[in-house]
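Okay, query.cif is below, mmCIF, C-alpha atoms:
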data_query
#
loop_
_atom_site.label_atom_id
_atom_site.label_comp_id
_atom_site.auth_asym_id
_atom_site.auth_seq_id
_atom_site.Cartn_x
_atom_site.Cartn_y
_atom_site.Cartn_z
CA GLN G 68 -95.53 -3.38 177.53
CA VAL G 69 -96.34 -3.44 173.84
CA GLN G 70 -94.51 -0.73 171.99
CA LEU G 71 -93.43 0.30 168.49
CA VAL G 72 -90.54 2.72 168.18
CA GLU G 73 -89.54 4.39 164.91
CA SER G 74 -86.07 5.75 164.28
CA GLY G 75 -83.83 6.78 161.42
CA GLY G 76 -85.49 9.98 160.35
CA GLY G 77 -83.59 13.17 159.67
CA LEU G 78 -82.68 15.83 157.15
CA VAL G 79 -81.52 14.68 153.74
CA GLN G 80 -80.96 16.37 150.40
CA PRO G 81 -83.14 15.56 147.40
CA GLY G 82 -81.93 12.38 145.77
CA GLY G 83 -80.57 11.07 149.04
CA SER G 84 -81.49 8.01 151.08
CA LEU G 85 -82.65 7.15 154.57
CA ARG G 86 -83.51 3.91 156.29
CA LEU G 87 -86.28 4.01 158.84
CA SER G 88 -86.58 1.36 161.54
CA CYS G 89 -89.67 0.17 163.38
CA ALA G 90 -88.65 -1.82 166.44
CA GLY G 91 -91.16 -3.81 168.40
CA SER G 92 -91.09 -4.63 172.10
CA GLY G 93 -93.50 -6.72 174.12
CA PHE G 94 -94.70 -8.65 171.06
CA THR G 95 -93.33 -10.41 167.99
CA LEU G 96 -93.58 -8.33 164.85
CA ASP G 97 -93.36 -11.38 162.59
CA TYR G 98 -96.92 -12.33 163.55
CA TYR G 99 -98.20 -8.93 162.49
CA ALA G 100 -98.53 -7.05 159.25
CA ILE G 101 -96.56 -3.83 159.54
CA GLY G 102 -97.53 -0.69 157.73
CA TRP G 103 -95.63 2.54 157.21
CA PHE G 104 -97.67 5.71 157.00
CA ARG G 105 -96.75 9.36 156.72
CA GLN G 106 -98.34 12.69 157.42
CA ALA G 107 -97.14 15.98 156.00
CA PRO G 108 -98.12 19.33 157.54
CA GLY G 109 -101.67 20.25 156.60
CA LYS G 110 -102.28 16.94 154.85
CA GLU G 111 -104.05 13.72 155.70
CA ARG G 112 -102.10 10.69 156.80
CA GLU G 113 -101.38 8.37 153.87
CA GLY G 114 -100.27 4.79 153.54
CA VAL G 115 -96.75 4.31 152.21
CA SER G 116 -95.96 0.60 152.39
CA VAL G 117 -97.11 -2.61 154.03
CA ILE G 118 -95.54 -6.00 154.63
CA SER G 119 -97.80 -8.85 155.61
CA SER G 120 -96.89 -11.36 158.30
CA SER G 121 -94.75 -14.36 157.45
CA GLU G 122 -97.92 -16.46 157.54
CA GLY G 123 -99.21 -14.06 154.91
CA ASP G 124 -96.17 -14.83 152.79
CA GLY G 125 -94.56 -11.52 153.66
CA ARG G 126 -96.24 -9.79 150.73
CA THR G 127 -95.33 -6.17 150.19
CA TYR G 128 -97.40 -3.28 148.94
CA TYR G 129 -96.44 0.27 148.05
CA ALA G 130 -98.21 3.50 147.34
CA ASP G 131 -97.78 4.57 143.71
CA SER G 132 -95.90 7.66 144.85
CA VAL G 133 -93.07 5.61 146.35
CA LYS G 134 -93.05 2.49 144.16
CA GLY G 135 -89.59 1.79 142.83
CA ARG G 136 -87.96 4.09 145.38
CA PHE G 137 -88.91 2.61 148.77
CA THR G 138 -88.42 -0.95 150.01
CA ILE G 139 -89.97 -2.52 153.10
CA SER G 140 -88.32 -5.50 154.79
CA ARG G 141 -88.15 -7.46 158.04
CA ASP G 142 -85.35 -8.60 160.31
CA ASN G 143 -87.08 -11.08 162.59
CA ALA G 144 -83.95 -11.65 164.66
CA LYS G 145 -84.06 -7.96 165.61
CA ASN G 146 -87.86 -7.81 165.77
CA THR G 147 -87.65 -4.84 163.43
CA VAL G 148 -89.17 -3.73 160.15
CA TYR G 149 -87.28 -1.34 157.89
CA LEU G 150 -88.26 1.16 155.24
CA GLN G 151 -85.40 1.89 152.87
CA MET G 152 -86.07 5.17 151.12
CA ASN G 153 -84.03 6.08 148.06
CA SER G 154 -84.19 8.93 145.56
CA LEU G 155 -85.97 11.06 148.12
CA LYS G 156 -87.97 14.05 146.98
CA PRO G 157 -89.10 17.16 148.84
CA GLU G 158 -92.66 15.83 148.70
CA ASP G 159 -91.55 12.87 150.83
CA THR G 160 -91.15 15.27 153.75
CA ALA G 161 -93.46 14.11 156.55
CA VAL G 162 -93.65 12.41 159.91
CA TYR G 163 -93.42 8.68 159.28
CA PHE G 164 -95.28 6.22 161.49
CA CYS G 165 -95.28 2.44 161.66
CA ALA G 166 -98.27 0.40 162.74
CA ALA G 167 -98.95 -3.26 163.52
CA ASP G 168 -102.00 -5.24 162.36
CA GLY G 169 -102.78 -8.45 164.22
CA SER G 170 -104.74 -9.89 161.27
CA GLY G 171 -101.40 -10.30 159.54
CA ILE G 172 -102.75 -8.85 156.31
CA GLY G 173 -102.31 -5.09 156.57
CA THR G 174 -103.52 -2.36 154.27
CA LEU G 175 -102.52 1.08 153.00
CA ASN G 176 -106.02 2.28 153.87
CA ILE G 177 -105.75 4.89 156.61
CA GLY G 178 -109.31 4.13 157.71
CA TYR G 179 -108.32 0.64 158.85
CA GLU G 180 -107.79 0.20 162.58
CA TYR G 181 -104.29 -1.02 163.19
CA ASP G 182 -103.66 -2.48 166.64
CA TYR G 183 -100.54 -0.54 167.58
CA TRP G 184 -98.88 2.66 166.39
CA GLY G 185 -95.49 4.17 166.96
CA GLN G 186 -94.84 7.80 167.87
CA GLY G 187 -93.40 8.78 164.51
CA THR G 188 -90.08 10.01 163.14
CA GLN G 189 -89.55 13.18 161.11
CA VAL G 190 -88.16 12.98 157.59
CA THR G 191 -87.23 16.24 155.91
CA VAL G 192 -86.01 16.33 152.31
CA SER G 193 -84.56 19.70 151.48
CA SER G 194 -81.50 21.30 149.94
#

Represent the structure of the file as structure tokens.
Amino acid sequence: QVQLVESGGGLVQPGGSLRLSCAGSGFTLDYYAIGWFRQAPGKEREGVSVISSSEGDGRTYYADSVKGRFTISRDNAKNTVYLQMNSLKPEDTAVYFCAADGSGIGTLNIGYEYDYWGQGTQVTVSS
């Protein structure tokens, strides 16, 4: 069964850090581009970061709002993609989702149809 499972969310103070994980089962994440998206209450889902497949040179892309603070990476041995989030701000509060794109390219565009989605993990940044 193909599945993506996010973990690592939680409550953190402003300026703090969290590392989100996106673990794949039933398929090999390295062949897919993986995107991280987030959705805050009352807002549209937005793209946060993407890493292309290894065949796509593992290129990374970030939304302007997180550039310099978030880092996306892969651990192929664990079939997992991570999102390291530093210098967190209250406006980063949202449910974070990961998604897999079989084209290997990926995009931050929320209108693009990714093949698989995880169930999401809550990130709350508050003092």

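Pairwise distance (atom CA of G:Asn146, atom CA of G:Ser132) equals 27.2 Å.
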
Original post:
At what distance in Å, to one decimal, does atom CA of G:Thr95 lie from atom CA of G:Thr160?
Top reply: 29.4 Å

Original post:
Which one is closest to G:Phe94: G:Leu150, G:Leu155, G:Ile172, G:Ala167? Count only C-alpha atoms.
Top reply: G:Ala167

**OP:** Pick out the closest residue to G:Asp168 from this set: G:Glu73, G:Asp142, G:Asp182, G:Asp131. Count all atoms listed in the file.
**Re:** G:Asp182

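Between G:Asp97 and the residues G:Ala144, G:Gln189, G:Asn153, G:Val79, the shortest atom-to-atom distance, using all atoms listed in the file, involves G:Ala144.
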
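Every polymer residue reaching to within 10 Å of (-90.3, 10.3, 150.7), counting all atoms listed in the file, appears in this list: Pro81, Gly82, Gly83, Ser84, Leu85, Arg105, Val115, Ser132, Val133, Arg136, Phe137, Gln151, Met152, Asn153, Ser154, Leu155, Lys156, Pro157, Glu158, Asp159, Thr160, Ala161, Tyr163, Val190, Thr191 and Val192 of chain G.
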
**OP:** Compare G:Gly123, G:Gly171, G:Gly102, G:Gly75 by their minimum atom-to-atom distance to G:Trp184, counting all atoms listed in the file, and give me the closest one.
**Re:** G:Gly102

**OP:** Decode the PyMOL selection byres ((chain G and resi 140) around 8) for the given file into explicit residues and return them as a PyMOL selection string.
**Re:** chain G and resi 118+138-139+141-142+148-150

**OP:** List the residues selected by the PyMOL selection byres ((chain G and resi 174) around 8) in the file shown, writing them as a ChimeraX atom specification.
**Re:** /G:102,114,117,172-173,175-177,179

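Residue nearest G:Ser119 within the list G:Gln106, G:Gln70, G:Thr147, G:Ser170: G:Ser170 [criterion: smallest interatomic distance, all atoms listed in the file].
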
Original post:
Could you work out how far atom CA of G:Gly77 lies from atom CA of G:Phe104, giving the answer in Å with one decimal?
Top reply: 16.2 Å

Original post:
Of the residues G:Lys110, G:Thr188, G:Ser193, G:Gly169, which is the one nearest to G:Arg86, using all atoms listed in the file?
Top reply: G:Thr188

Original post:
So which residues touch G:Gln186 within 8 Å, counting all atoms listed in the file, skipping near sequence neighbours fewer than 4 positions away, as an MDAnalysis selection string?
Top reply: chainID G and resid 71:73 164
